[in-house]
file run15.csv (CSV, C-alpha atoms)
chain,number,residue,atom,x,y,z
O,25,MET,CA,16.9,21.4,-4.9
O,26,PHE,CA,16.6,17.8,-3.8
O,27,LEU,CA,12.8,18.1,-4.1
O,28,GLN,CA,13.0,19.6,-7.6
O,29,ILE,CA,15.1,16.6,-8.7
O,30,LEU,CA,12.6,14.2,-7.2
O,31,GLU,CA,9.7,16.0,-8.8
O,32,THR,CA,11.3,15.9,-12.2
O,33,VAL,CA,12.1,12.2,-11.8
O,34,SER,CA,8.5,11.4,-10.9
O,35,ARG,CA,7.1,13.4,-13.8
O,36,TRP,CA,9.4,11.7,-16.3
O,37,ALA,CA,9.4,8.2,-14.9
O,38,ILE,CA,6.3,6.9,-16.8
O,39,PRO,CA,7.1,8.4,-20.2
O,40,PHE,CA,10.7,7.2,-19.8
O,41,LEU,CA,9.6,3.6,-19.1
O,42,LEU,CA,7.0,3.6,-21.9
O,43,LEU,CA,9.7,4.6,-24.4
O,44,THR,CA,12.8,2.7,-23.2
O,45,VAL,CA,11.2,-0.7,-22.4
O,46,PRO,CA,9.7,-1.3,-25.8
O,47,ILE,CA,12.8,0.0,-27.6
O,48,TYR,CA,15.0,-2.3,-25.4
O,49,GLY,CA,12.7,-5.2,-26.2
O,50,PHE,CA,12.8,-4.5,-29.9
O,51,ILE,CA,16.6,-4.4,-29.9
O,52,LYS,CA,16.6,-7.8,-28.1
O,53,LYS,CA,14.3,-9.1,-30.9
O,54,VAL,CA,11.3,-9.5,-28.7
O,55,PRO,CA,8.0,-9.4,-30.6
O,56,VAL,CA,7.0,-6.2,-28.7
O,57,TYR,CA,3.4,-5.8,-29.6
O,58,GLU,CA,2.5,-9.5,-29.1
O,59,SER,CA,4.3,-9.6,-25.8
O,60,PHE,CA,2.5,-6.5,-24.7
O,61,VAL,CA,-0.9,-8.0,-25.4
O,62,GLU,CA,0.1,-11.2,-23.7
O,63,GLY,CA,1.0,-9.3,-20.5
O,64,ALA,CA,-2.1,-7.1,-20.8
O,65,GLN,CA,-4.2,-10.2,-20.9
O,66,GLU,CA,-2.8,-11.3,-17.5
O,67,GLY,CA,-3.4,-7.8,-16.1
O,68,PHE,CA,-7.1,-8.1,-17.2
O,69,THR,CA,-7.7,-11.4,-15.6
O,70,THR,CA,-5.9,-10.4,-12.4
O,71,ALA,CA,-8.1,-7.2,-12.1
O,72,ILE,CA,-11.2,-9.3,-12.4
O,73,LYS,CA,-10.1,-11.9,-10.0
O,74,ILE,CA,-9.8,-9.5,-7.1
O,75,ILE,CA,-13.4,-8.2,-7.3
O,76,PRO,CA,-14.9,-10.7,-4.7
O,77,PHE,CA,-12.1,-10.0,-2.2
O,78,LEU,CA,-12.5,-6.3,-2.5
O,79,VAL,CA,-16.3,-6.4,-2.3
O,80,GLY,CA,-16.1,-8.4,0.9
O,81,MET,CA,-13.6,-6.0,2.5
O,82,MET,CA,-15.1,-2.8,1.4
O,83,VAL,CA,-18.6,-3.7,2.5
O,84,SER,CA,-17.6,-4.5,6.1
O,85,ILE,CA,-15.4,-1.3,6.3
O,86,SER,CA,-18.1,0.8,4.9
O,87,VAL,CA,-20.8,-0.5,7.3
O,88,PHE,CA,-18.4,0.1,10.2
O,89,ARG,CA,-17.7,3.6,9.1
O,90,ALA,CA,-21.3,4.7,8.2
O,91,SER,CA,-22.8,3.3,11.4
O,92,GLY,CA,-20.9,5.7,13.6
O,93,ALA,CA,-18.9,2.8,15.2
O,94,MET,CA,-15.8,4.6,14.3
O,95,GLU,CA,-16.6,7.6,16.4
O,96,TYR,CA,-17.0,5.4,19.4
O,97,LEU,CA,-13.7,3.8,18.7
O,98,THR,CA,-12.1,7.3,18.5
O,99,GLN,CA,-13.5,8.2,21.9
O,100,ILE,CA,-12.3,5.0,23.5
O,101,LEU,CA,-8.8,5.6,22.1
O,102,SER,CA,-8.5,9.3,22.8
O,103,PRO,CA,-6.7,9.0,26.2
O,104,VAL,CA,-3.9,7.1,24.4
O,105,THR,CA,-3.5,9.7,21.7
O,106,ASN,CA,-3.6,12.6,24.1
O,107,TYR,CA,-0.7,11.0,25.9
O,108,LEU,CA,1.2,10.9,22.6
O,109,GLY,CA,0.6,14.5,21.9
O,110,ALA,CA,-1.8,14.0,19.0
O,111,PRO,CA,-4.7,16.4,18.6
O,112,ALA,CA,-8.0,14.6,18.9
O,113,GLU,CA,-9.0,15.7,15.4
O,114,VAL,CA,-6.4,13.5,13.7
O,115,LEU,CA,-7.3,10.3,15.5
O,116,PRO,CA,-10.1,9.2,13.1
O,117,LEU,CA,-7.6,9.6,10.3
O,118,ALA,CA,-5.2,7.2,12.0
O,119,ILE,CA,-8.0,4.6,12.5
O,120,MET,CA,-9.3,4.9,8.9
O,121,ARG,CA,-5.8,4.9,7.4
O,122,PRO,CA,-5.3,1.2,7.1
O,123,LEU,CA,-8.9,0.6,5.9
O,124,SER,CA,-9.8,3.1,3.2
O,125,GLY,CA,-7.6,5.2,1.0
O,126,SER,CA,-10.3,7.4,-0.5
O,127,GLY,CA,-12.0,7.8,2.9
O,128,VAL,CA,-8.9,9.0,4.6
O,129,LEU,CA,-8.0,11.4,1.8
O,130,GLY,CA,-11.4,13.0,2.2
O,131,MET,CA,-10.9,13.3,5.9
O,132,ALA,CA,-7.5,14.8,5.6
O,133,THR,CA,-8.8,17.3,3.0
O,134,GLU,CA,-11.6,18.3,5.3
O,135,LEU,CA,-9.1,18.8,8.2
O,136,MET,CA,-7.0,21.1,6.0
O,137,ARG,CA,-10.0,23.0,4.9
O,138,VAL,CA,-11.2,23.7,8.5
O,139,TYR,CA,-7.8,24.2,10.3
O,140,GLY,CA,-5.6,25.2,7.4
O,141,PRO,CA,-2.7,23.2,5.8
O,142,ASP,CA,-0.1,25.1,7.9
O,143,SER,CA,-1.7,24.4,11.3
O,144,LEU,CA,-0.3,21.6,13.5
O,145,ILE,CA,-3.3,19.5,12.7
O,146,GLY,CA,-2.9,20.1,9.0
O,147,ARG,CA,0.7,19.2,9.0
O,148,ILE,CA,0.2,16.0,11.1
O,149,ALA,CA,-2.6,15.0,8.7
O,150,SER,CA,-0.4,15.6,5.7
O,151,THR,CA,2.6,13.7,7.1
O,152,MET,CA,0.4,10.7,8.1
O,153,GLN,CA,-1.0,10.7,4.6
O,154,GLY,CA,2.4,10.5,3.1
O,155,THR,CA,3.7,8.0,5.6
O,156,THR,CA,1.3,5.2,6.2
O,157,ASP,CA,-0.5,2.9,3.8
O,158,THR,CA,-4.0,1.4,3.3
O,159,THR,CA,-2.8,-1.9,4.7
O,160,PHE,CA,-6.1,-3.7,4.3
O,161,PHE,CA,-6.6,-2.6,0.8
O,162,VAL,CA,-3.1,-3.8,-0.1
O,163,LEU,CA,-3.5,-7.1,1.6
O,164,THR,CA,-6.9,-7.8,0.2
O,165,VAL,CA,-5.9,-7.0,-3.4
O,166,TYR,CA,-2.4,-8.6,-3.3
O,167,PHE,CA,-3.4,-11.8,-1.6
O,168,GLY,CA,-6.7,-11.9,-3.5
O,169,ALA,CA,-4.8,-11.8,-6.8
O,170,VAL,CA,-3.3,-15.2,-6.1
O,171,GLY,CA,-6.1,-16.7,-4.0
O,172,ILE,CA,-4.3,-16.7,-0.6
O,173,LYS,CA,-6.8,-17.1,2.2
O,174,LYS,CA,-4.5,-17.4,5.2
O,175,PHE,CA,-2.6,-14.1,5.7
O,176,ARG,CA,-0.5,-15.3,8.7
O,177,TYR,CA,1.3,-12.5,10.3
O,178,ALA,CA,1.1,-10.0,7.4
O,179,VAL,CA,-1.8,-8.2,9.1
O,180,VAL,CA,0.3,-7.7,12.3
O,181,THR,CA,3.4,-6.4,10.5
O,182,GLY,CA,1.3,-4.1,8.3
O,183,LEU,CA,-0.7,-2.6,11.2
O,184,THR,CA,2.5,-2.2,13.2
O,185,ALA,CA,4.0,-0.2,10.3
O,186,ASP,CA,0.9,2.0,10.3
O,187,ILE,CA,0.9,2.6,14.1
O,188,THR,CA,4.6,3.4,14.0
O,189,GLY,CA,4.1,5.8,11.1
O,190,PHE,CA,1.3,7.5,13.0
O,191,ILE,CA,3.3,7.9,16.2
O,192,ALA,CA,6.4,9.0,14.3
O,193,SER,CA,4.3,11.6,12.3
O,194,VAL,CA,2.9,13.1,15.5
O,195,TYR,CA,6.3,13.1,17.2
O,196,ILE,CA,8.2,14.8,14.3
O,197,CYS,CA,5.5,17.4,13.7
O,198,ASN,CA,5.3,18.3,17.3
O,199,LEU,CA,9.1,18.6,17.3
O,200,LEU,CA,9.5,20.7,14.1
O,201,PHE,CA,6.3,22.8,13.9
O,202,LYS,CA,4.9,23.3,17.4
H,18,MET,CA,-7.0,-13.3,12.0
H,19,LEU,CA,-8.6,-11.7,9.0
H,20,ASN,CA,-11.8,-13.6,9.5
H,21,VAL,CA,-12.1,-12.1,13.0
H,22,ILE,CA,-11.3,-8.5,11.9
H,23,TRP,CA,-13.8,-8.8,9.0
H,24,LEU,CA,-16.6,-10.1,11.2
H,25,LEU,CA,-15.9,-7.6,13.9
H,26,LEU,CA,-16.0,-4.6,11.6
H,27,LEU,CA,-19.3,-5.8,10.1
H,28,ALA,CA,-21.0,-6.9,13.4
H,29,MET,CA,-19.9,-3.8,15.4
H,30,GLY,CA,-21.1,-1.6,12.6
H,31,ILE,CA,-24.6,-3.2,12.5
H,32,ILE,CA,-24.9,-3.3,16.3
H,33,VAL,CA,-24.0,0.4,16.7
H,34,ALA,CA,-26.3,1.4,13.9
H,35,ALA,CA,-29.1,-0.6,15.5
H,36,LEU,CA,-28.5,1.0,19.0
H,37,ASN,CA,-28.4,4.5,17.4
H,38,GLY,CA,-31.7,3.8,15.7
H,39,ASN,CA,-30.5,4.3,12.2
H,40,ILE,CA,-30.2,0.8,10.9
H,41,GLU,CA,-31.0,1.9,7.3
H,42,VAL,CA,-27.5,3.3,6.9
H,43,VAL,CA,-26.2,-0.3,7.0
H,44,THR,CA,-28.2,-1.2,3.9
H,45,SER,CA,-27.1,1.8,1.9
H,46,ALA,CA,-23.5,1.6,3.0
H,47,ALA,CA,-23.2,-2.2,2.2
H,48,LEU,CA,-24.8,-1.8,-1.2
H,49,ASP,CA,-22.8,1.3,-2.2
H,50,ALA,CA,-19.6,-0.3,-1.0
H,51,ALA,CA,-20.3,-3.5,-3.0
H,52,GLN,CA,-20.8,-1.4,-6.2
H,53,GLY,CA,-17.9,0.8,-5.3
H,54,ALA,CA,-15.6,-2.2,-5.1
H,55,VAL,CA,-16.4,-3.3,-8.6
H,56,ALA,CA,-15.9,0.2,-9.8
H,57,VAL,CA,-12.4,0.2,-8.3
H,58,CYS,CA,-11.5,-3.1,-10.0
H,59,PHE,CA,-12.8,-1.8,-13.4
H,60,ASP,CA,-10.6,1.3,-13.0
H,61,LEU,CA,-7.7,-1.1,-12.3
H,62,ILE,CA,-8.2,-3.1,-15.5
H,63,GLY,CA,-6.8,-0.5,-17.8
H,64,VAL,CA,-3.7,0.3,-15.8
H,65,MET,CA,-3.1,-3.3,-14.9
H,66,ALA,CA,-3.2,-4.3,-18.6
H,67,LEU,CA,-0.9,-1.4,-19.6
H,68,TRP,CA,1.8,-2.1,-17.0
H,69,LEU,CA,1.8,-5.8,-17.1
H,70,GLY,CA,2.0,-5.5,-20.9
H,71,ILE,CA,5.1,-3.3,-20.7
H,72,MET,CA,6.5,-5.6,-18.0
H,73,LYS,CA,6.0,-8.7,-20.3
H,74,ILE,CA,8.2,-6.9,-22.9
H,75,ALA,CA,10.8,-6.2,-20.2
H,76,GLU,CA,10.7,-9.8,-19.0
H,77,LYS,CA,11.1,-11.3,-22.4
H,78,GLY,CA,14.0,-9.0,-23.2
H,79,GLY,CA,15.7,-10.1,-20.0
H,80,LEU,CA,15.5,-6.6,-18.4
H,81,ILE,CA,13.8,-7.8,-15.3
H,82,ARG,CA,16.7,-10.3,-14.7
H,83,VAL,CA,19.2,-7.5,-15.1
H,84,ILE,CA,17.4,-5.3,-12.5
H,85,ALA,CA,17.1,-8.3,-10.1
H,86,TRP,CA,20.8,-9.0,-10.5
H,87,VAL,CA,21.9,-5.4,-9.7
H,88,MET,CA,19.8,-5.4,-6.5
H,89,ARG,CA,20.8,-9.0,-5.6
H,90,PRO,CA,23.0,-8.3,-2.5
H,91,LEU,CA,20.1,-6.7,-0.7
H,92,MET,CA,17.3,-8.9,-2.0
H,93,VAL,CA,18.8,-12.3,-1.1
H,94,ARG,CA,19.0,-11.1,2.5
H,95,LEU,CA,15.4,-9.9,2.6
H,96,PHE,CA,14.1,-12.9,0.7
H,97,PRO,CA,16.2,-15.9,1.6
H,98,THR,CA,13.6,-18.4,0.3
H,99,VAL,CA,13.5,-16.9,-3.2
H,100,PRO,CA,16.2,-18.0,-5.7
H,101,PRO,CA,18.2,-14.9,-6.6
H,102,ARG,CA,17.5,-15.2,-10.3
H,103,HIS,CA,13.8,-15.8,-9.9
H,104,PRO,CA,11.5,-13.3,-11.8
H,105,ALA,CA,9.7,-12.5,-8.5
H,106,MET,CA,12.8,-10.5,-7.4
H,107,GLY,CA,12.5,-8.2,-10.4
H,108,ALA,CA,8.8,-7.6,-9.9
H,109,ILE,CA,9.3,-6.8,-6.2
H,110,ILE,CA,12.0,-4.3,-7.1
H,111,LEU,CA,9.8,-2.6,-9.7
H,112,ASN,CA,6.9,-2.5,-7.3
H,113,LEU,CA,9.0,-0.8,-4.6
H,114,SER,CA,10.5,1.6,-7.0
H,115,ALA,CA,7.1,2.7,-8.3
H,116,ASN,CA,5.9,3.1,-4.7
H,117,MET,CA,8.9,5.3,-3.8
H,118,LEU,CA,8.2,7.6,-6.8
H,119,GLY,CA,4.6,7.8,-5.8
H,120,LEU,CA,3.4,6.1,-9.0
H,121,GLY,CA,0.6,4.2,-7.2
H,122,ASN,CA,-1.1,3.0,-10.4
H,123,ALA,CA,2.1,1.4,-11.7
H,124,ALA,CA,2.9,0.0,-8.3
H,125,THR,CA,-0.2,-2.1,-7.9
H,126,PRO,CA,0.2,-4.2,-11.2
H,127,PHE,CA,3.9,-4.8,-10.4
H,128,GLY,CA,3.0,-5.9,-6.9
H,129,MET,CA,0.4,-8.3,-8.1
H,130,LYS,CA,2.8,-9.7,-10.6
H,131,ALA,CA,5.3,-10.2,-7.8
H,132,MET,CA,2.7,-12.0,-5.8
H,133,GLN,CA,1.9,-14.3,-8.7
H,134,GLU,CA,5.6,-15.1,-9.0
H,135,LEU,CA,6.0,-15.7,-5.3
H,136,GLN,CA,2.9,-18.0,-5.4
H,137,GLN,CA,4.7,-20.3,-7.8
H,138,LEU,CA,7.3,-20.9,-5.0
H,139,ASN,CA,4.7,-21.3,-2.3
H,140,PRO,CA,4.3,-24.9,-1.0
H,141,ASP,CA,0.8,-24.2,0.3
H,142,PRO,CA,-1.3,-22.1,-2.2
H,143,GLU,CA,-3.9,-21.2,0.3
H,144,GLN,CA,-1.5,-19.8,2.9
H,145,ALA,CA,0.8,-16.8,2.6
H,146,SER,CA,4.5,-17.7,2.3
H,147,THR,CA,7.2,-16.0,4.4
H,148,ALA,CA,8.5,-14.2,1.3
H,149,MET,CA,5.0,-12.8,0.7
H,150,CYS,CA,4.7,-11.5,4.2
H,151,THR,CA,8.1,-9.8,3.9
H,152,PHE,CA,7.2,-8.3,0.6
H,153,LEU,CA,3.9,-6.9,2.0
H,154,ALA,CA,5.7,-5.6,5.1
H,155,LEU,CA,8.1,-3.7,2.8
H,156,ASN,CA,5.2,-2.6,0.5
H,157,THR,CA,2.9,-1.2,3.2
H,158,SER,CA,5.7,0.7,4.9
H,159,CYS,CA,7.5,1.8,1.8
H,160,ILE,CA,8.9,5.3,1.5
H,161,THR,CA,7.1,7.7,-0.8
H,162,LEU,CA,9.6,10.3,-1.9
H,163,ILE,CA,6.9,12.5,-3.5
H,164,PRO,CA,3.5,12.3,-1.7
H,165,ALA,CA,2.0,14.1,-4.8
H,166,THR,CA,-1.7,13.9,-3.8
H,167,ILE,CA,-1.2,15.5,-0.4
H,168,ILE,CA,1.1,18.2,-1.7
H,169,GLY,CA,-1.7,19.0,-4.2
H,170,VAL,CA,-4.3,19.2,-1.4
H,171,ARG,CA,-2.0,21.5,0.6
H,172,LEU,CA,-1.4,23.7,-2.4
H,173,SER,CA,-5.1,24.0,-3.1
H,174,PHE,CA,-5.7,25.3,0.5
H,175,GLY,CA,-3.1,28.0,0.1
H,176,SER,CA,-0.2,26.5,2.1
H,177,ALA,CA,2.8,28.8,2.4
H,178,ASN,CA,5.1,25.8,1.9
H,179,PRO,CA,3.3,22.8,0.5
H,180,THR,CA,6.4,20.6,0.3
H,181,GLU,CA,7.6,21.2,3.9
H,182,ILE,CA,6.0,17.9,5.0
H,183,VAL,CA,8.3,15.8,2.7
H,184,GLY,CA,11.1,15.7,5.3
H,185,PRO,CA,8.8,14.6,8.2
H,186,CYS,CA,7.3,12.0,5.8
H,187,ILE,CA,10.7,10.5,5.0
H,188,PHE,CA,11.5,10.4,8.8
H,189,ALA,CA,8.3,8.8,9.8
H,190,THR,CA,8.1,6.3,6.9
H,191,SER,CA,11.8,5.2,7.4
H,192,LEU,CA,11.0,4.5,11.0
H,193,ALA,CA,7.9,2.5,10.0
H,194,MET,CA,9.9,0.5,7.5
H,195,ILE,CA,12.6,-0.4,10.0
H,196,ILE,CA,10.1,-1.5,12.5
H,197,ALA,CA,8.0,-3.5,10.0
H,198,VAL,CA,11.0,-5.3,8.5
H,199,SER,CA,12.5,-6.1,11.9
H,200,LEU,CA,9.2,-7.4,13.1
H,201,ASP,CA,8.7,-9.5,10.0
H,202,TYR,CA,12.2,-10.9,10.4
H,203,TRP,CA,11.6,-11.7,14.1
H,204,LEU,CA,8.2,-13.3,13.4
H,205,ARG,CA,9.4,-15.5,10.5
H,206,THR,CA,12.5,-16.6,12.4
H,207,TYR,CA,11.3,-17.1,16.0
H,208,SER,CA,7.5,-17.3,16.2
H,209,ARG,CA,5.3,-20.2,15.6
H,210,TRP,CA,3.8,-18.3,12.7
H,211,GLY,CA,7.1,-18.5,11.0
H,212,ARG,CA,6.8,-22.3,10.5
call {"tool": "encode", "arguments": {"input": "run15.csv", "output": "structure tokens"}}
result
Amino acid sequence: MFLQILETVSRWAIPFLLLTVPIYGFIKKVPVYESFVEGAQEGFTTAIKIIPFLVGMMVSISVFRASGAMEYLTQILSPVTNYLGAPAEVLPLAIMRPLSGSGVLGMATELMRVYGPDSLIGRIASTMQGTTDTTFFVLTVYFGAVGIKKFRYAVVTGLTADITGFIASVYICNLLFK
Amino acid sequence: MLNVIWLLLLAMGIIVAALNGNIEVVTSAALDAAQGAVAVCFDLIGVMALWLGIMKIAEKGGLIRVIAWVMRPLMVRLFPTVPPRHPAMGAIILNLSANMLGLGNAATPFGMKAMQELQQLNPDPEQASTAMCTFLALNTSCITLIPATIIGVRLSFGSANPTEIVGPCIFATSLAMIIAVSLDYWLRTYSRWGR
């Protein structure tokens, strides 16, 4: 029931915004079309501005992944994850998660194809996917958009959130589904 | 911090590839990723233009200020350095709402808009302000009420109950959010990074 409401809301949210915001603006005597174009112009320049930041980040992540360095990291970390009750198969997912959104979706899909979506591995992979975020992508894009070069402690909080999300996903899935 | 992570990823990748005797993967991975990054940004142009266009209408009509005002009691505690009536507040709320609904392509433009507004309050334009760090802590740990993509993947592999993971997701993500926001608060208040 709750889920159905949520699904309906997310299906209607965009059409609703696209209708109500311009009508609201029109009533408030905003030149709606001109304002739209003005805002769209800003969107265009921002999207272009983040290209160098994203190229830099994606190149180093991609080299790290393609070289096989990630598999070594997985092996080094496996005693820690065994202790937490996480199957070894989901560990690469946890390492990739902050780095690459499309990469991790591909890995999660592969795990579900091999082990089935209703296996413990499939459920942990799904939960992690819905819980954690591609922290480095978000930081690169958001800070890049305004030209921030010193991220301060944002990397630490973002990664802590990802690690917490991973541990919590493993814990709750072991508790509910094992 | 970021300089070190960036260099480590790159250098370790190249060293491992060299030790494994397949150094040529480095070249193809680097070139493909560089092209891929530009493709991502080009895909972003359209949605960015659309949502920031709609947002500009909302801003000029005063709607953003209304939204910010409604959420003010919570926002002034999370962002003590941002004036309660500042447009950054509205953009932050829109970004977090879009994130919660799983509308990723609307969330990114709102988030960048929020960063641009926060940048205007930032005394050092090269360095992230405390408000920016708090915003990103919230953003990266934000609850997704409908993880639509993963539900779709589960469905396509014949899951008996594709949405059963929503409850666990909400549990895990709430925990991540509490930890991230607490850590952010602690760092900005007590650590040397906070100054």
call {"tool": "residues_around", "arguments": {"input": "run15.csv", "residues": "Gln65 (chain O)", "least_positions_apart": "6", "cutoff": "10 Å", "atoms": "only C-alpha atoms", "output": "list in words"}}
result
Ser59 of chain O; Ile62, Met65, Ala66, Leu67, Leu69 and Gly70 of chain H
call {"tool": "write_last_selection", "arguments": {"input": "run15.csv", "atoms": "C-alpha atoms", "output": "PDB file, in the coordinates of the input"}}
result
ATOM      1  CA  SER O  59       4.300  -9.600 -25.800  1.00  0.00           C
TER       2      SER O  59
ATOM      3  CA  ILE H  62      -8.200  -3.100 -15.500  1.00  0.00           C
ATOM      4  CA  MET H  65      -3.100  -3.300 -14.900  1.00  0.00           C
ATOM      5  CA  ALA H  66      -3.200  -4.300 -18.600  1.00  0.00           C
ATOM      6  CA  LEU H  67      -0.900  -1.400 -19.600  1.00  0.00           C
ATOM      7  CA  LEU H  69       1.800  -5.800 -17.100  1.00  0.00           C
ATOM      8  CA  GLY H  70       2.000  -5.500 -20.900  1.00  0.00           C
TER       9      GLY H  70
END
call {"tool": "residues_near_point", "arguments": {"input": "run15.csv", "point": "(10.2, -14.1, -1.1)", "cutoff": "7 Å", "atoms": "all atoms listed in the file", "output": "JSON, numbers by chain"}}
result
{"H": [96, 97, 98, 99, 135, 147, 148, 149, 151, 152]}
call {"tool": "residues_near_point", "arguments": {"input": "run15.csv", "point": "(3.0, 1.3, 10.7)", "cutoff": "9 Å", "atoms": "all atoms listed in the file", "output": "ChimeraX atom specification"}}
result
/O:155-157,159,181-191 /H:157-158,190,192-194,196-197
call {"tool": "residues_around", "arguments": {"input": "run15.csv", "residues": "region 30-32 of chain H", "least_positions_apart": "5", "cutoff": "9 Å", "atoms": "all atoms listed in the file", "output": "PyMOL selection string"}}
result
(chain O and resi 84-94) or (chain H and resi 25+37+40+43)
call {"tool": "residues_around", "arguments": {"input": "run15.csv", "residues": "region 143-153 of chain O", "least_positions_apart": "3", "cutoff": "6 Å", "atoms": "all atoms listed in the file", "output": "number ranges by chain"}}
result
O: 132, 136, 140, 156, 190, 193-194; H: 182, 186
call {"tool": "closest_residue", "arguments": {"input": "run15.csv", "among": "O:Tyr57, O:Val165, O:Leu97, O:Leu115", "to": "Ile75 (chain O)", "atoms": "only C-alpha atoms"}}
result
O:Val165
call {"tool": "atom_distance", "arguments": {"input": "run15.csv", "atom1": "CA of Ala145 (chain H)", "atom2": "CA of Leu113 (chain H)"}}
result
19.4 Å
call {"tool": "closest_residue", "arguments": {"input": "run15.csv", "among": "O:Val104, O:Ile119, O:Ile172, O:Val33", "to": "chain H", "atoms": "all atoms listed in the file"}}
result
O:Ile172
call {"tool": "closest_residue", "arguments": {"input": "run15.csv", "among": "O:Ala112, O:Met131, O:Ala37, O:Ala192", "to": "chain H", "atoms": "only C-alpha atoms"}}
result
O:Ala192
call {"tool": "residues_around", "arguments": {"input": "run15.csv", "residues": "Met106 (chain H)", "least_positions_apart": "2", "cutoff": "9 Å", "atoms": "all atoms listed in the file", "output": "PDB file with C-alpha atoms, keeping the file's coordinate frame"}}
result
ATOM      1  CA  ILE H  81      13.800  -7.800 -15.300  1.00  0.00           C
ATOM      2  CA  ARG H  82      16.700 -10.300 -14.700  1.00  0.00           C
ATOM      3  CA  ILE H  84      17.400  -5.300 -12.500  1.00  0.00           C
ATOM      4  CA  ALA H  85      17.100  -8.300 -10.100  1.00  0.00           C
ATOM      5  CA  TRP H  86      20.800  -9.000 -10.500  1.00  0.00           C
ATOM      6  CA  MET H  88      19.800  -5.400  -6.500  1.00  0.00           C
ATOM      7  CA  ARG H  89      20.800  -9.000  -5.600  1.00  0.00           C
ATOM      8  CA  MET H  92      17.300  -8.900  -2.000  1.00  0.00           C
ATOM      9  CA  VAL H  93      18.800 -12.300  -1.100  1.00  0.00           C
ATOM     10  CA  PHE H  96      14.100 -12.900   0.700  1.00  0.00           C
ATOM     11  CA  VAL H  99      13.500 -16.900  -3.200  1.00  0.00           C
ATOM     12  CA  PRO H 100      16.200 -18.000  -5.700  1.00  0.00           C
ATOM     13  CA  PRO H 101      18.200 -14.900  -6.600  1.00  0.00           C
ATOM     14  CA  ARG H 102      17.500 -15.200 -10.300  1.00  0.00           C
ATOM     15  CA  HIS H 103      13.800 -15.800  -9.900  1.00  0.00           C
ATOM     16  CA  PRO H 104      11.500 -13.300 -11.800  1.00  0.00           C
ATOM     17  CA  ALA H 108       8.800  -7.600  -9.900  1.00  0.00           C
ATOM     18  CA  ILE H 109       9.300  -6.800  -6.200  1.00  0.00           C
ATOM     19  CA  ILE H 110      12.000  -4.300  -7.100  1.00  0.00           C
ATOM     20  CA  LEU H 111       9.800  -2.600  -9.700  1.00  0.00           C
ATOM     21  CA  ALA H 131       5.300 -10.200  -7.800  1.00  0.00           C
ATOM     22  CA  GLU H 134       5.600 -15.100  -9.000  1.00  0.00           C
ATOM     23  CA  LEU H 135       6.000 -15.700  -5.300  1.00  0.00           C
TER      24      LEU H 135
END
call {"tool": "residues_around", "arguments": {"input": "run15.csv", "residues": "Cys150 (chain H)", "least_positions_apart": "6", "cutoff": "8 Å", "atoms": "all atoms listed in the file", "output": "ChimeraX atom specification"}}
result
/O:175-178 /H:201
call {"tool": "closest_residue", "arguments": {"input": "run15.csv", "among": "H:Leu24, H:Val57, H:Ile71, H:Leu138", "to": "Glu58 (chain O)", "atoms": "all atoms listed in the file"}}
result
H:Ile71
call {"tool": "atom_distance", "arguments": {"input": "run15.csv", "atom1": "CA of Cys58 (chain H)", "atom2": "CA of Val128 (chain O)"}}
result
19.1 Å
call {"tool": "closest_residue", "arguments": {"input": "run15.csv", "among": "H:Gly107, H:Gly169, H:Pro126, H:Pro90", "to": "chain O", "atoms": "all atoms listed in the file"}}
result
H:Pro126
call {"tool": "closest_residue", "arguments": {"input": "run15.csv", "among": "O:Val56, O:Pro39, O:Met120, O:Gly125", "to": "chain H", "atoms": "only C-alpha atoms"}}
result
O:Val56
call {"tool": "atom_distance", "arguments": {"input": "run15.csv", "atom1": "CA of Gln136 (chain H)", "atom2": "CA of Val54 (chain O)"}}
result
26.2 Å
call {"tool": "build_atoms", "arguments": {"input": "run15.csv", "residues": "region 92-99 of chain H", "atoms": "N, CA and C atoms", "output": "PDB file, in the frame of the given file"}}
result
ATOM      1  N   MET H  92      18.511  -8.086  -1.885  1.00  0.00           N
ATOM      2  CA  MET H  92      17.300  -8.900  -2.000  1.00  0.00           C
ATOM      3  C   MET H  92      17.477 -10.310  -1.447  1.00  0.00           C
ATOM      4  N   VAL H  93      18.667 -10.907  -1.600  1.00  0.00           N
ATOM      5  CA  VAL H  93      18.800 -12.300  -1.100  1.00  0.00           C
ATOM      6  C   VAL H  93      18.769 -12.289   0.456  1.00  0.00           C
ATOM      7  N   ARG H  94      19.116 -11.147   1.078  1.00  0.00           N
ATOM      8  CA  ARG H  94      19.000 -11.100   2.500  1.00  0.00           C
ATOM      9  C   ARG H  94      17.555 -10.938   2.974  1.00  0.00           C
ATOM     10  N   LEU H  95      16.821 -10.102   2.228  1.00  0.00           N
ATOM     11  CA  LEU H  95      15.400  -9.900   2.600  1.00  0.00           C
ATOM     12  C   LEU H  95      14.557 -11.110   2.246  1.00  0.00           C
ATOM     13  N   PHE H  96      14.909 -11.786   1.152  1.00  0.00           N
ATOM     14  CA  PHE H  96      14.100 -12.900   0.700  1.00  0.00           C
ATOM     15  C   PHE H  96      14.930 -14.185   0.541  1.00  0.00           C
ATOM     16  N   PRO H  97      15.334 -14.767   1.677  1.00  0.00           N
ATOM     17  CA  PRO H  97      16.200 -15.900   1.600  1.00  0.00           C
ATOM     18  C   PRO H  97      15.565 -17.148   0.922  1.00  0.00           C
ATOM     19  N   THR H  98      14.235 -17.199   0.875  1.00  0.00           N
ATOM     20  CA  THR H  98      13.600 -18.400   0.300  1.00  0.00           C
ATOM     21  C   THR H  98      13.366 -18.256  -1.214  1.00  0.00           C
ATOM     22  N   VAL H  99      13.672 -17.082  -1.775  1.00  0.00           N
ATOM     23  CA  VAL H  99      13.500 -16.900  -3.200  1.00  0.00           C
ATOM     24  C   VAL H  99      14.828 -17.010  -3.917  1.00  0.00           C
TER      25      VAL H  99
END
